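Student: I have a structure I would like to understand better, so I am pasting it below and will then ask my questions one at a time.
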Amino acid sequence: MENTFKGVWIPSQIWRDKNLSLQEKCLLVEINSLSKDSTCYATNAHFAEFIGLNITRISQIISSLKMKGYINILLDYCGKQVVKRTLIPRNTPP
């Protein structure tokens, strides 16, 4: 089976953004690439395996992206337990 993956395109507004670390840029690009209808449902475990970081570090990066205004996070609860997390990339960085 031939690999058809040709590479990753990083928008210049993300690549040149001095407010983002390289890890934040990589995770933001992956969130954007997985977004269907402007939403991403991937887990921290997926991101950790894909990028090669541990789940705790992924959680920190996601929190940083939210704090800096690059993504919104929606949490669906059943009682006190989160049953679904939705990451919503913002169309334009702050």
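Ordered as shown in the structure tokens, chains take letters A, B, and onward, while each chain numbers its residues from 1 and ligands are numbered from 1 in the order shown.
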Which residues come within 8 Å of segment 73-77 of chain A, counting only C-alpha atoms, excluding same-chain residues fewer than 6 positions away, as a list in words?
Tutor: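 Listing them by chain and then by number gives Lys66, Val83, Lys84, Arg85, Thr86, Leu87 and Ile88 of chain A.
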Student: Just to be explicit: take each residue in the selection above, keep C-alpha atoms, and write the result as a PDB file, in the first residue's frame.
Tutor:
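Contents of the output file again_30.pdb:
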```pdb
ATOM      1  CA  LYS A  66      -7.594  28.202  25.119  1.00  0.00           C
ATOM      2  CA  VAL A  83     -18.671  12.740  28.647  1.00  0.00           C
ATOM      3  CA  LYS A  84     -17.573  14.684  25.570  1.00  0.00           C
ATOM      4  CA  ARG A  85     -15.089  17.432  24.834  1.00  0.00           C
ATOM      5  CA  THR A  86     -15.242  19.534  21.707  1.00  0.00           C
ATOM      6  CA  LEU A  87     -12.344  21.704  20.556  1.00  0.00           C
ATOM      7  CA  ILE A  88     -13.334  24.617  18.357  1.00  0.00           C
TER       8      ILE A  88
END
```
Student: Restrict the calculation to only C-alpha atoms, then for each residue of segment 25-88 of chain A with any atom at most 12 Å from an atom of segment 7-10 of chain A give the closest atom pair and their distance in Å to one decimal, rows by chain and rising residue number, as a tab-separated table.
Tutor:
```
residue	atom	partner	partner_atom	distance
A:Lys25	CA	A:Ile10	CA	8.4
A:Cys26	CA	A:Ile10	CA	8.6
A:Leu27	CA	A:Ile10	CA	11.0
A:Leu28	CA	A:Ile10	CA	9.5
A:Val29	CA	A:Ile10	CA	6.6
A:Glu30	CA	A:Val8	CA	9.2
A:Ile31	CA	A:Ile10	CA	11.8
A:Asn32	CA	A:Ile10	CA	9.9
A:Ser33	CA	A:Val8	CA	9.1
```
Student: Export, as a PDB file, in the first residue's frame, the selected residues with C-alpha atoms.
Tutor:
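What ended up in part.pdb:
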```
ATOM      1  CA  LYS A  25       1.718  25.432  16.611  1.00  0.00           C
ATOM      2  CA  CYS A  26       1.892  21.692  15.876  1.00  0.00           C
ATOM      3  CA  LEU A  27      -1.093  20.910  18.077  1.00  0.00           C
ATOM      4  CA  LEU A  28      -3.136  23.801  16.677  1.00  0.00           C
ATOM      5  CA  VAL A  29      -2.457  22.642  13.106  1.00  0.00           C
ATOM      6  CA  GLU A  30      -3.514  19.090  14.047  1.00  0.00           C
ATOM      7  CA  ILE A  31      -6.705  20.377  15.715  1.00  0.00           C
ATOM      8  CA  ASN A  32      -7.467  22.391  12.577  1.00  0.00           C
ATOM      9  CA  SER A  33      -6.773  19.420  10.302  1.00  0.00           C
TER      10      SER A  33
END
```
Student: Which residue is closest to Asn44 of chain A? Choose from A:Ser64, A:Thr4, A:Thr56, A:Ser21 and count only C-alpha atoms.
Tutor: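 Looking only at the distances to Asn44 of chain A, the closest residue turns out to be A:Thr56.
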Student: Using only C-alpha atoms, which residues sit within 10 Å of Ile14 of chain A once same-chain residues fewer than 2 positions away are excluded, as a list in words?
Tutor: Ile10, Pro11, Ser12, Arg16, Asp17, Lys18, Asn19, Leu20, Leu22, Glu24, Lys25, Cys26, Leu28, Val29, Tyr70, Thr92 and Pro93 of chain A
Student: Take the selection from the previous step and output its residues with N, CA and C atoms, as a short mmCIF file (atom, residue, chain, number, x, y, z; two decimals), in the first residue's frame.
Tutor:
```
data_model
loop_
_atom_site.label_atom_id
_atom_site.label_comp_id
_atom_site.auth_asym_id
_atom_site.auth_seq_id
_atom_site.Cartn_x
_atom_site.Cartn_y
_atom_site.Cartn_z
N ILE A 10 1.10 24.68 7.05
CA ILE A 10 0.89 25.51 8.24
C ILE A 10 0.63 26.94 7.77
N PRO A 11 -0.56 27.46 8.07
CA PRO A 11 -0.85 28.84 7.66
C PRO A 11 0.19 29.81 8.21
N SER A 12 0.54 30.80 7.43
CA SER A 12 1.58 31.75 7.84
C SER A 12 1.21 32.48 9.12
N ARG A 16 4.13 32.17 11.91
CA ARG A 16 4.85 33.39 12.29
C ARG A 16 4.39 33.98 13.62
N ASP A 17 3.43 33.36 14.25
CA ASP A 17 2.88 33.88 15.50
C ASP A 17 3.88 33.67 16.64
N LYS A 18 4.42 34.75 17.15
CA LYS A 18 5.44 34.68 18.21
C LYS A 18 4.83 34.38 19.58
N ASN A 19 3.50 34.38 19.67
CA ASN A 19 2.83 34.05 20.93
C ASN A 19 2.69 32.55 21.13
N LEU A 20 3.04 31.77 20.10
CA LEU A 20 2.88 30.31 20.16
C LEU A 20 4.23 29.61 20.17
N LEU A 22 6.49 26.11 19.44
CA LEU A 22 6.46 25.14 18.35
C LEU A 22 5.47 24.02 18.65
N GLU A 24 2.77 24.25 20.51
CA GLU A 24 1.42 24.82 20.36
C GLU A 24 1.05 24.92 18.88
N LYS A 25 1.98 25.33 18.05
CA LYS A 25 1.72 25.43 16.61
C LYS A 25 1.38 24.07 16.03
N CYS A 26 2.15 23.04 16.39
CA CYS A 26 1.89 21.69 15.88
C CYS A 26 0.53 21.18 16.32
N LEU A 28 -2.09 22.98 17.29
CA LEU A 28 -3.14 23.80 16.68
C LEU A 28 -3.37 23.39 15.23
N VAL A 29 -2.31 23.10 14.49
CA VAL A 29 -2.46 22.64 13.11
C VAL A 29 -3.17 21.29 13.07
N TYR A 70 -6.90 30.87 21.04
CA TYR A 70 -6.81 30.21 19.74
C TYR A 70 -7.87 29.13 19.55
N THR A 92 -9.67 33.18 13.40
CA THR A 92 -8.55 34.12 13.40
C THR A 92 -7.95 34.15 14.80
N PRO A 93 -6.66 34.12 14.89
CA PRO A 93 -6.03 34.22 16.21
C PRO A 93 -6.28 35.59 16.82
#
```
Student: Between A:Gln23, A:Cys78, A:Ser35, A:Ser59, which one has atoms that come closest to Arg90 of chain A, using only C-alpha atoms?
Tutor: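 So, comparing all the options, the nearest one is A:Ser35.
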Student: Go through chain A and collect every residue that DSSP, computed from the backbone, puts in helix (DSSP H, G or I); the answer should be as a compact mmCIF listing (two decimals) with all heavy atoms, in the first residue's frame.
Tutor:
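So the final result, stored in selection.txt, reads:
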```
# COMPACT_ATOMS: atom_id res chain seq x y z
N SER A 12 0.54 30.80 7.43
CA SER A 12 1.58 31.75 7.84
C SER A 12 1.21 32.48 9.12
O SER A 12 2.08 32.79 9.93
CB SER A 12 1.88 32.75 6.72
OG SER A 12 0.75 33.55 6.46
N GLN A 13 -0.08 32.73 9.34
CA GLN A 13 -0.48 33.43 10.56
C GLN A 13 -0.19 32.59 11.81
O GLN A 13 0.08 33.14 12.87
CB GLN A 13 -1.95 33.83 10.53
CG GLN A 13 -2.92 32.66 10.54
CD GLN A 13 -4.35 33.10 10.38
OE1 GLN A 13 -4.63 34.15 9.82
NE2 GLN A 13 -5.27 32.29 10.85
N ILE A 14 -0.19 31.26 11.68
CA ILE A 14 0.18 30.40 12.80
C ILE A 14 1.70 30.28 12.87
O ILE A 14 2.31 30.42 13.92
CB ILE A 14 -0.48 29.01 12.67
CG1 ILE A 14 -1.99 29.13 12.85
CG2 ILE A 14 0.11 28.03 13.69
CD1 ILE A 14 -2.76 27.85 12.59
N TRP A 15 2.34 30.00 11.73
CA TRP A 15 3.79 29.78 11.70
C TRP A 15 4.57 30.98 12.23
O TRP A 15 5.56 30.83 12.94
CB TRP A 15 4.22 29.44 10.28
CG TRP A 15 5.66 29.06 10.18
CD1 TRP A 15 6.66 29.75 9.57
CD2 TRP A 15 6.29 27.89 10.74
NE1 TRP A 15 7.86 29.08 9.68
CE2 TRP A 15 7.66 27.93 10.40
CE3 TRP A 15 5.82 26.80 11.47
CZ2 TRP A 15 8.56 26.95 10.79
CZ3 TRP A 15 6.71 25.82 11.85
CH2 TRP A 15 8.08 25.90 11.50
N LEU A 22 6.49 26.11 19.44
CA LEU A 22 6.46 25.14 18.35
C LEU A 22 5.47 24.02 18.65
O LEU A 22 4.71 23.59 17.76
CB LEU A 22 7.86 24.58 18.08
CG LEU A 22 8.00 23.68 16.86
CD1 LEU A 22 7.51 24.38 15.60
CD2 LEU A 22 9.44 23.24 16.71
N GLN A 23 5.42 23.56 19.89
CA GLN A 23 4.46 22.52 20.27
C GLN A 23 3.03 23.01 20.11
O GLN A 23 2.16 22.28 19.63
CB GLN A 23 4.71 22.05 21.70
CG GLN A 23 5.98 21.26 21.85
CD GLN A 23 6.24 20.84 23.29
OE1 GLN A 23 5.68 21.39 24.23
NE2 GLN A 23 7.11 19.85 23.45
N GLU A 24 2.77 24.25 20.51
CA GLU A 24 1.42 24.82 20.36
C GLU A 24 1.05 24.92 18.88
O GLU A 24 -0.09 24.62 18.50
CB GLU A 24 1.34 26.19 21.02
CG GLU A 24 1.37 26.13 22.53
CD GLU A 24 1.52 27.49 23.18
OE1 GLU A 24 2.19 28.38 22.60
OE2 GLU A 24 0.98 27.67 24.28
N LYS A 25 1.98 25.33 18.05
CA LYS A 25 1.72 25.43 16.61
C LYS A 25 1.38 24.07 16.03
O LYS A 25 0.41 23.94 15.27
CB LYS A 25 2.94 26.01 15.89
CG LYS A 25 3.18 27.48 16.19
CD LYS A 25 4.48 27.98 15.57
CE LYS A 25 4.76 29.42 16.02
NZ LYS A 25 5.94 29.98 15.40
N CYS A 26 2.15 23.04 16.39
CA CYS A 26 1.89 21.69 15.88
C CYS A 26 0.53 21.18 16.32
O CYS A 26 -0.22 20.62 15.51
CB CYS A 26 2.98 20.73 16.34
SG CYS A 26 4.57 21.03 15.56
N LEU A 27 0.19 21.39 17.58
CA LEU A 27 -1.09 20.91 18.08
C LEU A 27 -2.24 21.69 17.44
O LEU A 27 -3.26 21.10 17.05
CB LEU A 27 -1.16 20.99 19.60
CG LEU A 27 -2.40 20.38 20.23
CD1 LEU A 27 -2.58 18.92 19.83
CD2 LEU A 27 -2.33 20.48 21.74
N LEU A 28 -2.09 22.98 17.29
CA LEU A 28 -3.14 23.80 16.68
C LEU A 28 -3.37 23.39 15.23
O LEU A 28 -4.52 23.29 14.78
CB LEU A 28 -2.77 25.28 16.76
CG LEU A 28 -3.81 26.28 16.29
CD1 LEU A 28 -5.14 26.10 17.00
CD2 LEU A 28 -3.29 27.71 16.49
N VAL A 29 -2.31 23.10 14.49
CA VAL A 29 -2.46 22.64 13.11
C VAL A 29 -3.17 21.29 13.07
O VAL A 29 -4.04 21.06 12.23
CB VAL A 29 -1.08 22.57 12.41
CG1 VAL A 29 -1.16 21.83 11.09
CG2 VAL A 29 -0.55 23.98 12.18
N GLU A 30 -2.85 20.39 14.00
CA GLU A 30 -3.51 19.09 14.05
C GLU A 30 -4.99 19.25 14.42
O GLU A 30 -5.85 18.60 13.82
CB GLU A 30 -2.81 18.15 15.03
CG GLU A 30 -3.44 16.79 15.16
CD GLU A 30 -3.39 15.92 13.91
OE1 GLU A 30 -2.84 16.34 12.87
OE2 GLU A 30 -3.93 14.81 13.96
N ILE A 31 -5.30 20.12 15.36
CA ILE A 31 -6.70 20.38 15.72
C ILE A 31 -7.45 20.90 14.49
O ILE A 31 -8.55 20.44 14.17
CB ILE A 31 -6.81 21.37 16.89
CG1 ILE A 31 -6.31 20.72 18.18
CG2 ILE A 31 -8.24 21.87 17.06
CD1 ILE A 31 -6.11 21.69 19.34
N ASN A 32 -6.84 21.85 13.79
CA ASN A 32 -7.47 22.39 12.58
C ASN A 32 -7.67 21.32 11.52
O ASN A 32 -8.70 21.26 10.87
CB ASN A 32 -6.64 23.54 12.00
CG ASN A 32 -6.84 24.84 12.74
OD1 ASN A 32 -7.94 25.15 13.17
ND2 ASN A 32 -5.78 25.59 12.91
N SER A 33 -6.68 20.44 11.35
CA SER A 33 -6.77 19.42 10.30
C SER A 33 -7.84 18.38 10.63
O SER A 33 -8.41 17.78 9.72
CB SER A 33 -5.42 18.75 10.07
OG SER A 33 -5.10 17.89 11.12
N LEU A 34 -8.11 18.15 11.90
CA LEU A 34 -9.12 17.16 12.29
C LEU A 34 -10.51 17.77 12.43
O LEU A 34 -11.47 17.05 12.67
CB LEU A 34 -8.72 16.51 13.63
CG LEU A 34 -7.47 15.65 13.61
CD1 LEU A 34 -7.13 15.18 15.02
CD2 LEU A 34 -7.63 14.47 12.66
N ASN A 44 -7.02 13.63 24.08
CA ASN A 44 -5.62 13.94 24.42
C ASN A 44 -4.72 12.76 24.12
O ASN A 44 -3.57 12.93 23.73
CB ASN A 44 -5.52 14.34 25.89
CG ASN A 44 -6.09 15.71 26.16
OD1 ASN A 44 -6.66 16.35 25.28
ND2 ASN A 44 -5.97 16.16 27.39
N ALA A 45 -5.25 11.55 24.27
CA ALA A 45 -4.47 10.34 23.96
C ALA A 45 -4.11 10.31 22.48
O ALA A 45 -2.98 9.96 22.11
CB ALA A 45 -5.23 9.09 24.35
N HIS A 46 -5.04 10.69 21.62
CA HIS A 46 -4.74 10.75 20.18
C HIS A 46 -3.61 11.74 19.91
O HIS A 46 -2.65 11.41 19.22
CB HIS A 46 -5.97 11.15 19.36
CG HIS A 46 -5.61 11.60 17.98
ND1 HIS A 46 -5.32 10.71 16.97
CD2 HIS A 46 -5.43 12.84 17.45
CE1 HIS A 46 -4.99 11.38 15.87
NE2 HIS A 46 -5.04 12.67 16.14
N PHE A 47 -3.75 12.94 20.45
CA PHE A 47 -2.73 13.97 20.23
C PHE A 47 -1.38 13.54 20.79
O PHE A 47 -0.34 13.76 20.16
CB PHE A 47 -3.15 15.30 20.85
CG PHE A 47 -4.35 15.94 20.20
CD1 PHE A 47 -5.44 16.33 20.97
CD2 PHE A 47 -4.40 16.16 18.84
CE1 PHE A 47 -6.54 16.93 20.39
CE2 PHE A 47 -5.50 16.76 18.24
CZ PHE A 47 -6.58 17.14 19.02
N ALA A 48 -1.39 12.92 21.97
CA ALA A 48 -0.14 12.48 22.59
C ALA A 48 0.57 11.47 21.71
O ALA A 48 1.78 11.57 21.48
CB ALA A 48 -0.43 11.87 23.97
N GLU A 49 -0.16 10.52 21.18
CA GLU A 49 0.45 9.50 20.31
C GLU A 49 0.92 10.13 19.00
O GLU A 49 2.02 9.86 18.53
CB GLU A 49 -0.55 8.39 20.01
CG GLU A 49 0.03 7.29 19.16
CD GLU A 49 -0.97 6.16 18.93
OE1 GLU A 49 -1.79 5.89 19.82
OE2 GLU A 49 -0.90 5.56 17.84
N PHE A 50 0.11 10.99 18.43
CA PHE A 50 0.43 11.60 17.13
C PHE A 50 1.67 12.50 17.21
O PHE A 50 2.56 12.43 16.37
CB PHE A 50 -0.77 12.38 16.61
CG PHE A 50 -0.54 13.00 15.26
CD1 PHE A 50 -0.65 12.24 14.11
CD2 PHE A 50 -0.21 14.34 15.14
CE1 PHE A 50 -0.43 12.79 12.86
CE2 PHE A 50 0.01 14.90 13.89
CZ PHE A 50 -0.10 14.13 12.75
N ILE A 51 1.72 13.34 18.25
CA ILE A 51 2.79 14.33 18.36
C ILE A 51 4.01 13.77 19.11
O ILE A 51 5.11 14.26 18.94
CB ILE A 51 2.26 15.63 19.01
CG1 ILE A 51 1.22 16.27 18.07
CG2 ILE A 51 3.38 16.62 19.31
CD1 ILE A 51 0.54 17.49 18.62
N ILE A 55 0.26 12.71 27.77
CA ILE A 55 -1.10 13.26 27.85
C ILE A 55 -1.13 14.51 28.73
O ILE A 55 -1.85 15.47 28.41
CB ILE A 55 -2.08 12.18 28.35
CG1 ILE A 55 -2.24 11.10 27.28
CG2 ILE A 55 -3.44 12.77 28.71
CD1 ILE A 55 -3.04 9.89 27.71
N THR A 56 -0.36 14.53 29.79
CA THR A 56 -0.32 15.70 30.67
C THR A 56 0.17 16.93 29.91
O THR A 56 -0.40 18.02 30.04
CB THR A 56 0.58 15.43 31.89
OG1 THR A 56 0.07 14.30 32.60
CG2 THR A 56 0.63 16.63 32.82
N ARG A 57 1.22 16.76 29.10
CA ARG A 57 1.74 17.89 28.32
C ARG A 57 0.72 18.35 27.28
O ARG A 57 0.54 19.56 27.07
CB ARG A 57 3.06 17.50 27.64
CG ARG A 57 3.67 18.63 26.85
CD ARG A 57 4.10 19.80 27.76
NE ARG A 57 4.55 20.91 26.94
CZ ARG A 57 4.16 22.17 27.10
NH1 ARG A 57 3.34 22.51 28.08
NH2 ARG A 57 4.60 23.11 26.30
N ILE A 58 0.02 17.42 26.65
CA ILE A 58 -1.03 17.79 25.69
C ILE A 58 -2.10 18.61 26.38
O ILE A 58 -2.55 19.64 25.87
CB ILE A 58 -1.64 16.53 25.03
CG1 ILE A 58 -0.60 15.81 24.17
CG2 ILE A 58 -2.91 16.89 24.24
CD1 ILE A 58 -0.10 16.60 22.96
N SER A 59 -2.52 18.19 27.57
CA SER A 59 -3.53 18.92 28.33
C SER A 59 -3.06 20.35 28.63
O SER A 59 -3.83 21.31 28.52
CB SER A 59 -3.83 18.18 29.63
OG SER A 59 -4.80 18.86 30.38
N GLN A 60 -1.79 20.49 28.99
CA GLN A 60 -1.23 21.82 29.26
C GLN A 60 -1.25 22.69 28.01
O GLN A 60 -1.58 23.88 28.06
CB GLN A 60 0.20 21.70 29.78
CG GLN A 60 0.31 21.08 31.14
CD GLN A 60 1.75 20.71 31.51
OE1 GLN A 60 2.63 20.62 30.65
NE2 GLN A 60 1.98 20.49 32.79
N ILE A 61 -0.91 22.11 26.87
CA ILE A 61 -0.87 22.88 25.61
C ILE A 61 -2.28 23.29 25.22
O ILE A 61 -2.52 24.43 24.81
CB ILE A 61 -0.20 22.07 24.49
CG1 ILE A 61 1.28 21.81 24.84
CG2 ILE A 61 -0.31 22.80 23.15
CD1 ILE A 61 1.96 20.80 23.94
N ILE A 62 -3.25 22.38 25.35
CA ILE A 62 -4.64 22.72 25.03
C ILE A 62 -5.13 23.85 25.93
O ILE A 62 -5.77 24.80 25.46
CB ILE A 62 -5.54 21.47 25.12
CG1 ILE A 62 -5.23 20.53 23.94
CG2 ILE A 62 -7.03 21.86 25.13
CD1 ILE A 62 -5.92 19.19 24.01
N SER A 63 -4.82 23.77 27.20
CA SER A 63 -5.21 24.85 28.13
C SER A 63 -4.57 26.17 27.74
O SER A 63 -5.21 27.22 27.79
CB SER A 63 -4.80 24.49 29.56
OG SER A 63 -5.53 23.38 30.02
N SER A 64 -3.31 26.12 27.32
CA SER A 64 -2.61 27.33 26.89
C SER A 64 -3.26 27.92 25.63
O SER A 64 -3.44 29.13 25.53
CB SER A 64 -1.14 27.02 26.64
OG SER A 64 -0.47 28.17 26.17
N LEU A 65 -3.59 27.06 24.67
CA LEU A 65 -4.24 27.53 23.44
C LEU A 65 -5.59 28.18 23.76
O LEU A 65 -5.96 29.19 23.16
CB LEU A 65 -4.42 26.39 22.45
CG LEU A 65 -3.14 25.87 21.80
CD1 LEU A 65 -3.42 24.60 20.99
CD2 LEU A 65 -2.49 26.93 20.92
N LYS A 66 -6.31 27.61 24.71
CA LYS A 66 -7.59 28.20 25.12
C LYS A 66 -7.36 29.55 25.80
O LYS A 66 -8.01 30.54 25.48
CB LYS A 66 -8.35 27.27 26.06
CG LYS A 66 -9.69 27.84 26.51
CD LYS A 66 -10.36 26.92 27.51
CE LYS A 66 -11.73 27.39 27.91
NZ LYS A 66 -11.85 28.74 28.39
N MET A 67 -6.42 29.59 26.74
CA MET A 67 -6.13 30.81 27.47
C MET A 67 -5.68 31.94 26.53
O MET A 67 -6.04 33.10 26.71
CB MET A 67 -5.05 30.55 28.52
CG MET A 67 -4.73 31.75 29.40
SD MET A 67 -3.38 31.41 30.55
CE MET A 67 -1.99 31.35 29.44
```
Student: Atom CA of Lys80 of chain A to atom CA of Lys68 of chain A: how many Å, to one decimal?
Tutor: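 Atom CA of Lys80 of chain A sits 26.3 Å away from atom CA of Lys68 of chain A.
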Student: Using Å and a single decimal, report how far atom CA of Asn91 of chain A sits from atom CA of Ser38 of chain A.
Tutor: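 It comes out at 8.9 Å.
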Student: Just asking: which residues within chain A are strand (DSSP E) according to DSSP, as a list in words?
Tutor: Ile71, Asn72, Ile73, Leu74, Leu75, Asp76, Tyr77, Cys78, Gln81, Val82, Val83, Lys84, Arg85, Thr86, Leu87, Ile88 and Pro89 of chain A
Student: Just to be explicit: take each residue in the selection above, keep all heavy atoms, and write the result as a compact mmCIF listing (two decimals), in the first residue's frame.
Tutor:
```txt
# COMPACT_ATOMS: atom_id res chain seq x y z
N ILE A 71 -8.38 28.60 20.65
CA ILE A 71 -9.44 27.60 20.58
C ILE A 71 -10.47 27.87 21.68
O ILE A 71 -10.16 28.53 22.68
CB ILE A 71 -8.92 26.15 20.74
CG1 ILE A 71 -8.25 25.94 22.10
CG2 ILE A 71 -7.99 25.76 19.59
CD1 ILE A 71 -7.88 24.50 22.41
N ASN A 72 -11.66 27.37 21.46
CA ASN A 72 -12.68 27.31 22.50
C ASN A 72 -12.87 25.84 22.84
O ASN A 72 -12.64 24.97 21.99
CB ASN A 72 -13.99 27.93 22.03
CG ASN A 72 -13.88 29.43 21.87
OD1 ASN A 72 -13.23 30.10 22.65
ND2 ASN A 72 -14.50 29.95 20.83
N ILE A 73 -13.31 25.58 24.05
CA ILE A 73 -13.54 24.20 24.48
C ILE A 73 -14.96 24.10 25.03
O ILE A 73 -15.35 24.89 25.90
CB ILE A 73 -12.54 23.78 25.57
CG1 ILE A 73 -11.11 23.89 25.05
CG2 ILE A 73 -12.83 22.35 26.04
CD1 ILE A 73 -10.04 23.67 26.12
N LEU A 74 -15.72 23.15 24.51
CA LEU A 74 -17.06 22.86 25.03
C LEU A 74 -17.01 21.51 25.72
O LEU A 74 -16.50 20.54 25.16
CB LEU A 74 -18.08 22.81 23.90
CG LEU A 74 -18.34 24.11 23.15
CD1 LEU A 74 -19.35 23.86 22.03
CD2 LEU A 74 -18.87 25.17 24.09
N LEU A 75 -17.54 21.46 26.93
CA LEU A 75 -17.59 20.22 27.68
C LEU A 75 -19.04 19.83 27.90
O LEU A 75 -19.85 20.65 28.34
CB LEU A 75 -16.88 20.37 29.03
CG LEU A 75 -15.41 20.79 28.98
CD1 LEU A 75 -14.89 21.05 30.39
CD2 LEU A 75 -14.58 19.73 28.29
N ASP A 76 -19.37 18.57 27.60
CA ASP A 76 -20.70 18.03 27.87
C ASP A 76 -20.58 17.14 29.09
O ASP A 76 -19.71 16.26 29.15
CB ASP A 76 -21.22 17.22 26.68
CG ASP A 76 -21.54 18.08 25.48
OD1 ASP A 76 -21.81 19.28 25.66
OD2 ASP A 76 -21.54 17.54 24.36
N TYR A 77 -21.46 17.35 30.06
CA TYR A 77 -21.41 16.64 31.31
C TYR A 77 -22.59 15.67 31.45
O TYR A 77 -23.68 15.93 30.95
CB TYR A 77 -21.48 17.62 32.49
CG TYR A 77 -20.24 18.46 32.66
CD1 TYR A 77 -20.12 19.70 32.03
CD2 TYR A 77 -19.20 18.02 33.46
CE1 TYR A 77 -18.98 20.48 32.20
CE2 TYR A 77 -18.06 18.80 33.64
CZ TYR A 77 -17.97 20.02 33.01
OH TYR A 77 -16.85 20.79 33.18
N CYS A 78 -22.34 14.61 32.18
CA CYS A 78 -23.38 13.73 32.70
C CYS A 78 -23.14 13.74 34.20
O CYS A 78 -22.20 13.11 34.69
CB CYS A 78 -23.27 12.32 32.12
SG CYS A 78 -24.57 11.22 32.71
N GLN A 81 -19.38 14.31 35.60
CA GLN A 81 -18.38 13.70 34.72
C GLN A 81 -18.49 14.26 33.30
O GLN A 81 -19.58 14.36 32.73
CB GLN A 81 -18.55 12.19 34.69
CG GLN A 81 -17.52 11.50 33.84
CD GLN A 81 -17.65 9.98 33.92
OE1 GLN A 81 -18.50 9.45 34.61
NE2 GLN A 81 -16.81 9.30 33.19
N VAL A 82 -17.33 14.61 32.73
CA VAL A 82 -17.28 15.05 31.34
C VAL A 82 -17.45 13.82 30.45
O VAL A 82 -16.72 12.85 30.58
CB VAL A 82 -15.95 15.76 31.02
CG1 VAL A 82 -15.87 16.10 29.54
CG2 VAL A 82 -15.80 17.02 31.85
N VAL A 83 -18.44 13.87 29.55
CA VAL A 83 -18.67 12.74 28.65
C VAL A 83 -18.22 13.04 27.22
O VAL A 83 -18.02 12.13 26.43
CB VAL A 83 -20.15 12.30 28.65
CG1 VAL A 83 -20.52 11.70 30.00
CG2 VAL A 83 -21.07 13.45 28.30
N LYS A 84 -18.05 14.32 26.91
CA LYS A 84 -17.57 14.68 25.57
C LYS A 84 -16.91 16.05 25.63
O LYS A 84 -17.42 16.97 26.27
CB LYS A 84 -18.73 14.71 24.58
CG LYS A 84 -18.31 15.02 23.15
CD LYS A 84 -19.45 14.80 22.17
CE LYS A 84 -20.15 16.09 21.87
NZ LYS A 84 -21.17 15.99 20.84
N ARG A 85 -15.78 16.15 24.94
CA ARG A 85 -15.09 17.43 24.83
C ARG A 85 -15.01 17.79 23.36
O ARG A 85 -14.67 16.97 22.52
CB ARG A 85 -13.68 17.34 25.41
CG ARG A 85 -12.92 18.67 25.21
CD ARG A 85 -11.47 18.56 25.45
NE ARG A 85 -10.82 17.76 24.41
CZ ARG A 85 -9.58 17.34 24.48
NH1 ARG A 85 -8.84 17.62 25.52
NH2 ARG A 85 -9.05 16.63 23.51
N THR A 86 -15.31 19.04 23.07
CA THR A 86 -15.24 19.53 21.71
C THR A 86 -14.26 20.70 21.66
O THR A 86 -14.39 21.65 22.44
CB THR A 86 -16.63 20.01 21.22
OG1 THR A 86 -17.57 18.95 21.40
CG2 THR A 86 -16.59 20.42 19.76
N LEU A 87 -13.29 20.61 20.78
CA LEU A 87 -12.34 21.70 20.56
C LEU A 87 -12.80 22.47 19.33
O LEU A 87 -13.07 21.87 18.28
CB LEU A 87 -10.94 21.16 20.34
CG LEU A 87 -10.37 20.29 21.45
CD1 LEU A 87 -9.01 19.72 21.05
CD2 LEU A 87 -10.26 21.07 22.75
N ILE A 88 -12.88 23.77 19.46
CA ILE A 88 -13.33 24.62 18.36
C ILE A 88 -12.25 25.64 18.04
O ILE A 88 -12.04 26.59 18.81
CB ILE A 88 -14.64 25.34 18.72
CG1 ILE A 88 -15.70 24.31 19.14
CG2 ILE A 88 -15.14 26.20 17.55
CD1 ILE A 88 -16.89 24.90 19.82
N PRO A 89 -11.52 25.43 16.94
CA PRO A 89 -10.50 26.40 16.58
C PRO A 89 -11.14 27.72 16.15
O PRO A 89 -12.17 27.73 15.50
CB PRO A 89 -9.75 25.76 15.42
CG PRO A 89 -10.52 24.58 15.01
CD PRO A 89 -11.59 24.32 16.02
```
